[in-house]
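Take a look at the structure set out below.
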Amino acid sequence: MKLEELQQMKEKMEDGYLPQWVVTDPEIYNLEQERIFSKTWLFLGHESELKEPGQFITRMMADDPILLMKNKNGEIKAFLNSCSHRGTRLCTEDFGKKKTHTCPYHGWSYNLDGELIGIVAGNKVYGEKMDKSEWGLRPVPRVESYQGMIFGNLNFNAVPLEEYLGEMKWYFDIMLGRSDGGMEVRGLPQRWVAKANWKMTSENFAADPYHVQTTHRSAVEMKLTPTDPLYASYGHQVVLSNGHGINVITSATGESANKYQGMPESMWPMFEKNLNKEQLEVFSKVTNFVGGVFPNLSFLSSCSGSEGTKHNHLNFRVWRPIAPDKVEIWVWYMIDKELPEDYKEKSYKGFLATFGAAGTLEQDDTENWARIIEASQGRMARDRKLSYNNVANYLMGFDNVEPDENFPGPGIAYPTCYTDHAARSMHKYWLELLMKESEGEG
């Protein structure tokens, strides 16, 4: 893709427009793999999934299969899930516990530190020349954690994770670090494939409460959500660095009918001990946190169930790109370790009824994402002339919504969640990364 085309796109984004054809364009997709997914921090899992030495989980970083395991010293290690002999995928299980991992092809085996420790008929077929220490598993270049969340990066020179998260850490501390025991993953991550583009799914969470009243109309009719068409607009949309964003949704009054998202009062002293005054102010008033970490990690902290039976839960999700028009969706359910078991179980059931492959709200979204793909694949949508008739509209709040200087949290906070400020920020950062290396290309 030529620099001139990317430059034209940048100019359109400055005006609040995004070309429709970028959703399904194969050339854009290939650039994203090279310049975004190989160089940004990608979520791999939560530390609670690896409680004991020997436990392992298998994940994906875009197209790269990853094996994470806890060694004897309690350290979490991450490697390319590929035998160093012929490149065979080493571990085919989603999770488990083992002292060693043995390749199903030729039987090479590796310990919990990724070291090659066994070669079938080694001395007889390789002699004494081969140095096993040179043939261990290939480690993920960078692996770092924040509040139990494990991220990986294929770029040795990437900025530290905490620097990349930036102001998002302040909000993560509310969701992930409010209670003494932290959070834990309950159940297994749900996983399924959908007809969608990762940019649209990420945007849906980080920047688009505007869709809720229409897309999720069934939830309104079942009295799971309010009938007020503006109910998801109340609160603040906060634009953060590096394309991240969060919506801090409240009620029409700016308060919440359920303090601390309806969490049991027995938990409140922990919140008040672990969070600062400003974080408590935001947490006490919020109904939903919904947002995303660029490029493809999203989250939602909300309550499921009808009035009187609502229970808080937190879900994190990854939109793994597998084609311009296809994503693999991963969803983790998380809950405070210190909560009573009865509360956890009711919360989990509420989560399953609304989110995940069989959830009512999830099916609403995936239907619309598929329709975006269907409408963006034809000749009219893929015309690269970049006329104003061939773009998606990101003009909401463009020149009529100013930041709220009194918002207690970090970032640029706008006093409504019905605005496209976070979406424009996300897509501008996306374009900035695509253009980074193109500037030196002819």
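Ligands are numbered from 1 in the order shown, chains are lettered A, B, ... in the order of the structure tokens, and residues start at 1 in each chain.
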Any chance you could tabulate, as a tab-separated table, the residues of segment 293-333 of chain A at most 12 Å from segment 150-171 of chain A with each one's nearest atom pair and distance in Å to one decimal, using only C-alpha atoms, in chain and rising number order?
residue	atom	partner	partner_atom	distance
A:Val293	CA	A:Leu165	CA	7.4
A:Phe294	CA	A:Leu165	CA	9.0
A:Pro295	CA	A:Leu165	CA	11.4
A:Asn296	CA	A:Phe151	CA	11.9
A:Leu297	CA	A:Phe151	CA	10.4
A:Phe299	CA	A:Tyr171	CA	11.3
A:Leu300	CA	A:Tyr171	CA	11.9
A:Ser301	CA	A:Tyr171	CA	11.1
A:Val318	CA	A:Phe151	CA	11.7
- Item | Nearby residues (only C-alpha atoms) at most 9 Å from His106 of chain A, same-chain spacing under 6 positions excluded, as a VMD selection string | chain A and resid 85 to 86 119 to 120
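Nearest residue to Leu176 of chain A, choosing from A:Asp336, A:Asp420, A:Glu14, A:Asp364 and counting only C-alpha atoms: A:Asp336.
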- Close residues, Ser133 of chain A itself excluded, 12 Å, only C-alpha atoms, min 6 positions apart in chain, as number ranges by chain: A: 84, 110-111, 113-118
- Message: Give me, as a ChimeraX atom specification, all polymer residues having an atom no more than 12 Å from segment 272-283 of chain A, counting only C-alpha atoms and skipping those fewer than 2 positions away in the same chain.
- Response: /A:169-182,235-236,247-250,254-256,258-263,265-270,285-289,301-302,406-410
- Selection: 10 Å around Tyr414 of chain A, only C-alpha atoms, excl. self and same-chain fewer than 3 positions, as a list in words: Gly235, His236, Gln237, Val238, Val239, Asn247, Gly397, Val401, Glu402, Pro403, Asp404, Glu405, Phe407, Gly411, Cys417, Tyr418, Thr419, His421 and Ala422 of chain A
Store the residues of this selection in a file with C-alpha atoms, as a PDB file, in the first residue's frame.
ATOM      1  CA  GLY A 235     -21.471   9.243  32.244  1.00  0.00           C
ATOM      2  CA  HIS A 236     -18.163   9.864  30.488  1.00  0.00           C
ATOM      3  CA  GLN A 237     -16.310   8.519  27.496  1.00  0.00           C
ATOM      4  CA  VAL A 238     -12.601   8.747  28.283  1.00  0.00           C
ATOM      5  CA  VAL A 239      -9.948   8.899  25.573  1.00  0.00           C
ATOM      6  CA  ASN A 247     -16.794   4.400  28.906  1.00  0.00           C
ATOM      7  CA  GLY A 397     -19.527  14.761  19.144  1.00  0.00           C
ATOM      8  CA  VAL A 401     -18.869  18.022  22.901  1.00  0.00           C
ATOM      9  CA  GLU A 402     -16.056  19.480  24.999  1.00  0.00           C
ATOM     10  CA  PRO A 403     -13.997  17.672  27.678  1.00  0.00           C
ATOM     11  CA  ASP A 404     -15.136  17.732  31.290  1.00  0.00           C
ATOM     12  CA  GLU A 405     -12.229  19.195  33.249  1.00  0.00           C
ATOM     13  CA  PHE A 407     -13.806  14.380  35.875  1.00  0.00           C
ATOM     14  CA  GLY A 411      -7.484  10.814  30.284  1.00  0.00           C
ATOM     15  CA  CYS A 417     -20.855   8.156  26.095  1.00  0.00           C
ATOM     16  CA  TYR A 418     -22.758   8.920  22.888  1.00  0.00           C
ATOM     17  CA  THR A 419     -19.757  10.352  21.073  1.00  0.00           C
ATOM     18  CA  HIS A 421     -14.075  10.622  20.384  1.00  0.00           C
ATOM     19  CA  ALA A 422     -12.690   7.239  21.504  1.00  0.00           C
TER      20      ALA A 422
END
- Message: Using only C-alpha atoms for the distances, tell me which of A:Val212, A:Ser251, A:Asn197, A:Gln363 is nearest to Asp25 of chain A.
- Response: A:Asn197
